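Here is the file input-v1.cif (mmCIF, N, CA and C atoms).
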```cif
data_upload
loop_
_atom_site.label_atom_id
_atom_site.label_comp_id
_atom_site.auth_asym_id
_atom_site.auth_seq_id
_atom_site.Cartn_x
_atom_site.Cartn_y
_atom_site.Cartn_z
N MET A 1 0.84 -1.19 0.00
CA MET A 1 0.00 0.00 0.00
C MET A 1 0.87 1.25 0.00
N ASP A 2 0.37 2.26 -0.63
CA ASP A 2 1.02 3.56 -0.70
C ASP A 2 0.91 4.22 0.67
N ASP A 3 1.98 4.86 1.12
CA ASP A 3 1.94 5.48 2.44
C ASP A 3 2.03 7.00 2.29
N PHE A 4 0.93 7.69 2.51
CA PHE A 4 0.92 9.15 2.43
C PHE A 4 0.01 9.71 3.50
N HIS A 5 0.30 10.94 3.89
CA HIS A 5 -0.60 11.63 4.82
C HIS A 5 -1.55 12.52 4.03
N GLU A 6 -1.00 13.25 3.05
CA GLU A 6 -1.83 14.10 2.19
C GLU A 6 -1.43 13.88 0.74
N ARG A 7 -2.41 13.98 -0.13
CA ARG A 7 -2.14 13.85 -1.56
C ARG A 7 -3.09 14.76 -2.32
N ARG A 8 -2.58 15.37 -3.34
CA ARG A 8 -3.35 16.27 -4.19
C ARG A 8 -3.67 15.57 -5.50
N LEU A 9 -4.94 15.48 -5.85
CA LEU A 9 -5.35 15.04 -7.18
C LEU A 9 -5.75 16.28 -7.97
N THR A 10 -6.05 16.11 -9.24
CA THR A 10 -6.36 17.27 -10.09
C THR A 10 -7.62 18.00 -9.67
N PHE A 11 -8.49 17.33 -8.89
CA PHE A 11 -9.78 17.92 -8.55
C PHE A 11 -10.09 17.92 -7.06
N CYS A 12 -9.18 17.37 -6.24
CA CYS A 12 -9.48 17.28 -4.81
C CYS A 12 -8.21 17.11 -3.98
N GLN A 13 -8.37 17.30 -2.68
CA GLN A 13 -7.31 17.07 -1.69
C GLN A 13 -7.69 15.83 -0.89
N LEU A 14 -6.72 14.92 -0.71
CA LEU A 14 -6.93 13.72 0.10
C LEU A 14 -6.07 13.83 1.35
N THR A 15 -6.65 13.49 2.49
CA THR A 15 -5.91 13.47 3.75
C THR A 15 -6.23 12.16 4.45
N ARG A 16 -5.18 11.43 4.78
CA ARG A 16 -5.36 10.16 5.49
C ARG A 16 -5.51 10.44 6.98
N LEU A 17 -6.59 9.95 7.57
CA LEU A 17 -6.86 10.11 8.99
C LEU A 17 -6.61 8.77 9.70
N PRO A 18 -6.45 8.78 11.01
CA PRO A 18 -6.29 7.51 11.74
C PRO A 18 -7.50 6.59 11.53
N GLY A 19 -7.27 5.30 11.67
CA GLY A 19 -8.38 4.34 11.62
C GLY A 19 -8.83 3.98 10.22
N ASP A 20 -7.93 4.02 9.24
CA ASP A 20 -8.28 3.67 7.85
C ASP A 20 -9.39 4.54 7.28
N ILE A 21 -9.32 5.83 7.59
CA ILE A 21 -10.28 6.81 7.08
C ILE A 21 -9.54 7.79 6.16
N ILE A 22 -10.13 8.07 5.02
CA ILE A 22 -9.56 9.05 4.09
C ILE A 22 -10.55 10.20 3.93
N GLU A 23 -10.05 11.42 4.11
CA GLU A 23 -10.89 12.61 3.92
C GLU A 23 -10.68 13.15 2.52
N ILE A 24 -11.78 13.45 1.85
CA ILE A 24 -11.74 13.96 0.48
C ILE A 24 -12.41 15.33 0.48
N ILE A 25 -11.67 16.33 0.00
CA ILE A 25 -12.22 17.69 -0.12
C ILE A 25 -12.13 18.10 -1.59
N PRO A 26 -13.26 17.98 -2.32
CA PRO A 26 -13.26 18.42 -3.72
C PRO A 26 -13.01 19.93 -3.83
N ASP A 27 -12.39 20.34 -4.92
CA ASP A 27 -12.06 21.74 -5.16
C ASP A 27 -13.32 22.57 -5.44
N GLU A 28 -13.23 23.83 -5.11
CA GLU A 28 -14.29 24.79 -5.39
C GLU A 28 -14.55 24.86 -6.90
N GLY A 29 -15.83 24.74 -7.29
CA GLY A 29 -16.24 24.96 -8.67
C GLY A 29 -15.97 23.82 -9.65
N VAL A 30 -15.35 22.75 -9.21
CA VAL A 30 -15.02 21.65 -10.11
C VAL A 30 -16.27 20.85 -10.46
N GLU A 31 -16.29 20.28 -11.67
CA GLU A 31 -17.33 19.32 -12.05
C GLU A 31 -16.66 17.95 -12.09
N ILE A 32 -17.04 17.10 -11.16
CA ILE A 32 -16.43 15.78 -11.06
C ILE A 32 -17.11 14.84 -12.05
N ASP A 33 -16.28 14.24 -12.92
CA ASP A 33 -16.83 13.33 -13.93
C ASP A 33 -16.34 11.90 -13.67
N LEU A 34 -16.76 10.98 -14.51
CA LEU A 34 -16.45 9.57 -14.33
C LEU A 34 -14.95 9.30 -14.35
N VAL A 35 -14.21 9.96 -15.22
CA VAL A 35 -12.75 9.77 -15.30
C VAL A 35 -12.10 10.17 -13.97
N MET A 36 -12.55 11.25 -13.38
CA MET A 36 -12.01 11.70 -12.09
C MET A 36 -12.31 10.69 -10.99
N VAL A 37 -13.53 10.15 -10.98
CA VAL A 37 -13.91 9.17 -9.96
C VAL A 37 -13.08 7.90 -10.12
N GLU A 38 -12.83 7.49 -11.35
CA GLU A 38 -11.99 6.32 -11.59
C GLU A 38 -10.55 6.56 -11.13
N GLU A 39 -10.04 7.78 -11.35
CA GLU A 39 -8.71 8.15 -10.85
C GLU A 39 -8.70 8.08 -9.32
N LEU A 40 -9.72 8.62 -8.69
CA LEU A 40 -9.83 8.60 -7.24
C LEU A 40 -9.86 7.16 -6.73
N GLU A 41 -10.65 6.31 -7.35
CA GLU A 41 -10.76 4.92 -6.92
C GLU A 41 -9.40 4.22 -7.00
N ALA A 42 -8.66 4.41 -8.08
CA ALA A 42 -7.35 3.77 -8.24
C ALA A 42 -6.39 4.22 -7.15
N VAL A 43 -6.37 5.51 -6.84
CA VAL A 43 -5.50 6.05 -5.79
C VAL A 43 -5.91 5.51 -4.42
N LEU A 44 -7.21 5.49 -4.15
CA LEU A 44 -7.70 5.01 -2.85
C LEU A 44 -7.38 3.54 -2.62
N VAL A 45 -7.61 2.71 -3.62
CA VAL A 45 -7.34 1.28 -3.47
C VAL A 45 -5.84 1.06 -3.27
N ALA A 46 -5.00 1.78 -4.03
CA ALA A 46 -3.55 1.64 -3.88
C ALA A 46 -3.07 2.12 -2.51
N ALA A 47 -3.68 3.18 -2.02
CA ALA A 47 -3.23 3.78 -0.76
C ALA A 47 -3.84 3.12 0.47
N MET A 48 -5.10 2.73 0.38
CA MET A 48 -5.84 2.30 1.56
C MET A 48 -6.09 0.80 1.62
N GLY A 49 -5.93 0.10 0.51
CA GLY A 49 -6.17 -1.33 0.50
C GLY A 49 -7.63 -1.68 0.28
N ALA A 50 -8.02 -2.84 0.78
CA ALA A 50 -9.33 -3.39 0.47
C ALA A 50 -10.45 -2.98 1.42
N SER A 51 -10.12 -2.23 2.48
CA SER A 51 -11.15 -1.89 3.46
C SER A 51 -10.82 -0.55 4.12
N PHE A 52 -11.63 0.46 3.82
CA PHE A 52 -11.42 1.79 4.38
C PHE A 52 -12.72 2.56 4.39
N ALA A 53 -12.71 3.70 5.04
CA ALA A 53 -13.88 4.57 5.11
C ALA A 53 -13.55 5.92 4.48
N MET A 54 -14.57 6.57 3.94
CA MET A 54 -14.39 7.89 3.32
C MET A 54 -15.15 8.95 4.09
N LEU A 55 -14.49 10.08 4.27
CA LEU A 55 -15.11 11.28 4.82
C LEU A 55 -15.09 12.30 3.70
N VAL A 56 -16.25 12.59 3.13
CA VAL A 56 -16.35 13.58 2.06
C VAL A 56 -16.75 14.90 2.70
N ASN A 57 -15.85 15.87 2.60
CA ASN A 57 -16.08 17.17 3.21
C ASN A 57 -16.54 18.14 2.12
N LYS A 58 -17.81 18.51 2.15
CA LYS A 58 -18.40 19.37 1.12
C LYS A 58 -18.29 20.85 1.50
N VAL A 59 -17.11 21.24 1.98
CA VAL A 59 -16.88 22.63 2.36
C VAL A 59 -16.91 23.54 1.13
N ASN A 60 -16.56 22.99 -0.03
CA ASN A 60 -16.57 23.75 -1.28
C ASN A 60 -17.80 23.39 -2.10
N SER A 61 -18.17 24.29 -3.00
CA SER A 61 -19.29 24.05 -3.91
C SER A 61 -18.75 23.41 -5.18
N TYR A 62 -19.34 22.29 -5.58
CA TYR A 62 -18.90 21.59 -6.79
C TYR A 62 -20.07 20.77 -7.32
N SER A 63 -19.92 20.22 -8.52
CA SER A 63 -20.98 19.39 -9.09
C SER A 63 -20.40 18.04 -9.48
N VAL A 64 -21.30 17.08 -9.65
CA VAL A 64 -20.91 15.71 -9.99
C VAL A 64 -21.81 15.25 -11.13
N THR A 65 -21.22 14.74 -12.22
CA THR A 65 -22.03 14.26 -13.33
C THR A 65 -22.82 13.02 -12.91
N PHE A 66 -23.85 12.70 -13.66
CA PHE A 66 -24.70 11.55 -13.35
C PHE A 66 -23.88 10.26 -13.32
N GLU A 67 -23.03 10.05 -14.33
CA GLU A 67 -22.21 8.84 -14.40
C GLU A 67 -21.28 8.75 -13.19
N ALA A 68 -20.73 9.87 -12.79
CA ALA A 68 -19.84 9.89 -11.62
C ALA A 68 -20.61 9.59 -10.34
N GLN A 69 -21.83 10.11 -10.23
CA GLN A 69 -22.67 9.83 -9.06
C GLN A 69 -22.92 8.33 -8.93
N MET A 70 -23.19 7.67 -10.05
CA MET A 70 -23.44 6.23 -10.03
C MET A 70 -22.22 5.47 -9.52
N LYS A 71 -21.03 5.89 -9.94
CA LYS A 71 -19.79 5.20 -9.58
C LYS A 71 -19.38 5.49 -8.14
N ILE A 72 -19.58 6.71 -7.67
CA ILE A 72 -19.13 7.11 -6.33
C ILE A 72 -19.72 6.20 -5.25
N GLY A 73 -20.96 5.88 -5.37
CA GLY A 73 -21.61 5.05 -4.36
C GLY A 73 -21.15 3.61 -4.35
N LEU A 74 -20.37 3.23 -5.35
CA LEU A 74 -19.95 1.83 -5.49
C LEU A 74 -18.44 1.66 -5.54
N LEU A 75 -17.70 2.60 -4.99
CA LEU A 75 -16.24 2.52 -5.04
C LEU A 75 -15.74 1.28 -4.30
N GLN A 76 -14.72 0.65 -4.87
CA GLN A 76 -14.12 -0.55 -4.28
C GLN A 76 -13.51 -0.25 -2.91
N GLY A 77 -13.68 -1.15 -1.98
CA GLY A 77 -13.02 -1.06 -0.69
C GLY A 77 -13.68 -0.19 0.34
N VAL A 78 -14.64 0.63 -0.07
CA VAL A 78 -15.26 1.58 0.86
C VAL A 78 -16.28 0.85 1.74
N GLN A 79 -16.04 0.84 3.04
CA GLN A 79 -16.93 0.19 3.99
C GLN A 79 -18.02 1.12 4.49
N ALA A 80 -17.70 2.42 4.57
CA ALA A 80 -18.67 3.42 5.03
C ALA A 80 -18.24 4.78 4.51
N THR A 81 -19.23 5.63 4.25
CA THR A 81 -18.97 6.99 3.78
C THR A 81 -19.77 7.97 4.62
N ALA A 82 -19.08 8.94 5.18
CA ALA A 82 -19.73 10.04 5.89
C ALA A 82 -19.54 11.29 5.05
N VAL A 83 -20.62 12.01 4.84
CA VAL A 83 -20.57 13.23 4.05
C VAL A 83 -20.92 14.40 4.96
N VAL A 84 -20.00 15.35 5.06
CA VAL A 84 -20.24 16.55 5.87
C VAL A 84 -20.76 17.63 4.93
N VAL A 85 -21.97 18.10 5.21
CA VAL A 85 -22.60 19.12 4.37
C VAL A 85 -22.77 20.42 5.15
N TYR A 86 -22.78 21.50 4.40
CA TYR A 86 -22.89 22.83 5.01
C TYR A 86 -24.07 23.62 4.44
N SER A 87 -24.85 22.95 3.56
CA SER A 87 -26.00 23.63 2.95
C SER A 87 -27.03 22.60 2.55
N SER A 88 -28.23 23.06 2.26
CA SER A 88 -29.29 22.14 1.82
C SER A 88 -28.96 21.58 0.43
N ALA A 89 -28.27 22.34 -0.40
CA ALA A 89 -27.88 21.85 -1.73
C ALA A 89 -26.90 20.68 -1.60
N GLY A 90 -25.96 20.80 -0.69
CA GLY A 90 -25.02 19.71 -0.45
C GLY A 90 -25.71 18.47 0.07
N GLU A 91 -26.70 18.67 0.91
CA GLU A 91 -27.46 17.55 1.45
C GLU A 91 -28.27 16.86 0.35
N MET A 92 -28.90 17.65 -0.54
CA MET A 92 -29.70 17.07 -1.62
C MET A 92 -28.85 16.24 -2.56
N GLY A 93 -27.66 16.73 -2.91
CA GLY A 93 -26.77 15.99 -3.80
C GLY A 93 -26.37 14.66 -3.20
N THR A 94 -26.12 14.65 -1.90
CA THR A 94 -25.74 13.42 -1.22
C THR A 94 -26.92 12.46 -1.14
N GLU A 95 -28.10 12.98 -0.90
CA GLU A 95 -29.30 12.13 -0.88
C GLU A 95 -29.51 11.44 -2.22
N GLN A 96 -29.18 12.14 -3.32
CA GLN A 96 -29.29 11.55 -4.65
C GLN A 96 -28.38 10.34 -4.79
N ILE A 97 -27.13 10.49 -4.35
CA ILE A 97 -26.18 9.39 -4.44
C ILE A 97 -26.63 8.23 -3.55
N LYS A 98 -27.13 8.54 -2.37
CA LYS A 98 -27.64 7.48 -1.48
C LYS A 98 -28.77 6.72 -2.16
N ALA A 99 -29.67 7.44 -2.82
CA ALA A 99 -30.83 6.81 -3.48
C ALA A 99 -30.37 5.91 -4.63
N MET A 100 -29.33 6.32 -5.34
CA MET A 100 -28.84 5.53 -6.48
C MET A 100 -28.19 4.23 -6.03
N THR A 101 -27.66 4.20 -4.83
CA THR A 101 -26.97 3.00 -4.36
C THR A 101 -27.81 2.25 -3.33
N ASP A 102 -29.07 2.61 -3.20
CA ASP A 102 -29.95 1.94 -2.24
C ASP A 102 -30.02 0.46 -2.58
N GLY A 103 -29.89 -0.37 -1.57
CA GLY A 103 -29.92 -1.81 -1.79
C GLY A 103 -28.53 -2.40 -1.91
N GLU A 104 -27.54 -1.57 -2.19
CA GLU A 104 -26.15 -2.03 -2.23
C GLU A 104 -25.66 -2.16 -0.80
N GLU A 105 -24.63 -2.93 -0.59
CA GLU A 105 -24.10 -3.11 0.76
C GLU A 105 -23.08 -2.02 1.08
N LYS A 106 -23.51 -0.80 0.96
CA LYS A 106 -22.67 0.36 1.28
C LYS A 106 -23.41 1.19 2.31
N THR A 107 -22.66 1.81 3.20
CA THR A 107 -23.25 2.64 4.23
C THR A 107 -22.84 4.08 3.98
N ILE A 108 -23.83 4.93 3.73
CA ILE A 108 -23.58 6.36 3.50
C ILE A 108 -24.47 7.13 4.46
N ASP A 109 -23.88 8.09 5.17
CA ASP A 109 -24.69 8.92 6.06
C ASP A 109 -24.25 10.38 5.93
N ILE A 110 -25.14 11.27 6.30
CA ILE A 110 -24.92 12.72 6.17
C ILE A 110 -24.79 13.33 7.56
N PHE A 111 -23.84 14.26 7.68
CA PHE A 111 -23.59 14.95 8.95
C PHE A 111 -23.44 16.44 8.69
N PHE A 112 -23.74 17.22 9.72
CA PHE A 112 -23.58 18.67 9.63
C PHE A 112 -22.36 19.14 10.40
N GLU A 113 -21.70 18.21 11.11
CA GLU A 113 -20.47 18.53 11.83
C GLU A 113 -19.43 17.47 11.53
N ARG A 114 -18.22 17.92 11.21
CA ARG A 114 -17.14 17.01 10.84
C ARG A 114 -16.80 16.05 11.97
N SER A 115 -16.76 16.54 13.20
CA SER A 115 -16.38 15.69 14.33
C SER A 115 -17.36 14.52 14.50
N GLN A 116 -18.64 14.75 14.28
CA GLN A 116 -19.64 13.68 14.38
C GLN A 116 -19.43 12.66 13.26
N ALA A 117 -19.09 13.15 12.08
CA ALA A 117 -18.84 12.25 10.94
C ALA A 117 -17.63 11.36 11.20
N VAL A 118 -16.56 11.94 11.73
CA VAL A 118 -15.35 11.17 12.03
C VAL A 118 -15.66 10.11 13.09
N SER A 119 -16.36 10.48 14.14
CA SER A 119 -16.72 9.53 15.20
C SER A 119 -17.54 8.37 14.65
N TRP A 120 -18.50 8.67 13.80
CA TRP A 120 -19.34 7.64 13.19
C TRP A 120 -18.49 6.68 12.36
N LEU A 121 -17.57 7.23 11.56
CA LEU A 121 -16.70 6.38 10.74
C LEU A 121 -15.79 5.52 11.60
N GLU A 122 -15.27 6.09 12.67
CA GLU A 122 -14.41 5.32 13.59
C GLU A 122 -15.18 4.14 14.15
N GLU A 123 -16.44 4.36 14.52
CA GLU A 123 -17.29 3.27 15.03
C GLU A 123 -17.51 2.19 13.98
N LYS A 124 -17.80 2.63 12.76
CA LYS A 124 -18.04 1.68 11.66
C LYS A 124 -16.79 0.84 11.39
N MET A 125 -15.64 1.50 11.38
CA MET A 125 -14.40 0.78 11.08
C MET A 125 -14.00 -0.14 12.23
N ALA A 126 -14.27 0.24 13.46
CA ALA A 126 -13.96 -0.60 14.62
C ALA A 126 -14.84 -1.85 14.64
N ALA A 127 -16.03 -1.75 14.09
CA ALA A 127 -16.98 -2.87 14.11
C ALA A 127 -16.78 -3.85 12.96
N ARG A 128 -15.92 -3.53 12.01
CA ARG A 128 -15.75 -4.45 10.87
C ARG A 128 -15.08 -5.74 11.32
N PRO A 129 -15.38 -6.84 10.64
CA PRO A 129 -14.81 -8.13 11.04
C PRO A 129 -13.31 -8.19 10.86
#
```

Mind turning the file's structure into structure tokens?
Amino acid sequence: MDDFHERRLTFCQLTRLPGDIIEIIPDEGVEIDLVMVEELEAVLVAAMGASFAMLVNKVNSYSVTFEAQMKIGLLQGVQATAVVVYSSAGEMGTEQIKAMTDGEEKTIDIFFERSQAVSWLEEKMAARP
């Protein structure tokens, strides 16, 4: 596995947190497409292995194409995803992704405070077999 604390991709900042959690902060104004999500997945699997959690921090305003939304909810290795939102628009976008992956064995939840999201992910990762 790749060992990094922070990594910059063309559209986002990645920060590795304790407990096999990776924080993703998409850039302001970016439109995330399928190619970007595939790049993200390759980096995450190489860096984090087969079992990790994602903290998506929606501090910036950005958009995600339909194809990318479909892929995001099904990324390899992701055991749980916490999304920190700061607006109703951010919450609606996340609800869309949750609805698209409903029935899949993925856990996605929305939080309004980063600390609550991190705690939830830590619990999820501690409970894995």

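Closest to Phe52 (chain A) among A:Met70, A:Val83, A:Val118, A:Met125 is A:Met125, based on only N, CA and C atoms.
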
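The result of the PyMOL selection byres ((chain A and resi 54) around 7) on the shown file is Asp20, Ile21, Ile22, Glu23, Ile24, Phe52, Ala53, Leu55, Val56, Val78, Gln79, Ala80, Thr81, Ala82 and Val83 of chain A.
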
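Within the file as shown, the PyMOL selection byres (((chain A and resi 35 and name CA) around 12) and name CA) identifies Thr10, Phe11, Glu31, Ile32, Asp33, Leu34, Met36, Val37, Glu38, Glu39, Leu40, Glu41, Ala42, Val64, Thr65, Glu67, Ala68, Gln69, Lys71 and Ile72 of chain A.
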
The PyMOL selection byres ((chain A and resi 85) around 8) applied to the shown file, residues as a list in words
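After applying the PyMOL selection byres ((chain A and resi 85) around 8), what remains is Val56, Asn57, Lys58, Val59, Ala82, Val83, Val84, Tyr86, Ser87, Ser88, Ala89, Gly90, Glu91, Ile110, Phe111, Phe112, Glu113 and Arg114 of chain A.
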
Could you give me, as a ChimeraX atom specification, each residue of chain A that DSSP assigns to strand (DSSP E or B) when run on this structure's backbone?
/A:6-8,12-17,21-26,31-32,52-57,63-64,78-84,108-111

Using the chain letters and numbers from this document, which residues of region 30-114 of chain A does DSSP assign to alpha helix (DSSP H), as an MDAnalysis selection string?
chainID A and resid 34:48 66:72 88:100 114

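Distance-wise, atom C of Asn60 (chain A) and CA of Leu75 (chain A) end up 21.1 Å apart.
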
To one decimal place in Å, what is the distance between CA of Leu9 (chain A) and CA of Leu44 (chain A)?
11.2 Å

Can you work out the spacing between CA of Arg8 (chain A) and CA of Ile25 (chain A) in Å, to one decimal?
9.9 Å

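With only C-alpha atoms as the atoms that count, the residue of A:Arg128, A:Glu28, A:Val43, A:Gly73 with the shortest distance to Asp109 (chain A) is A:Gly73.
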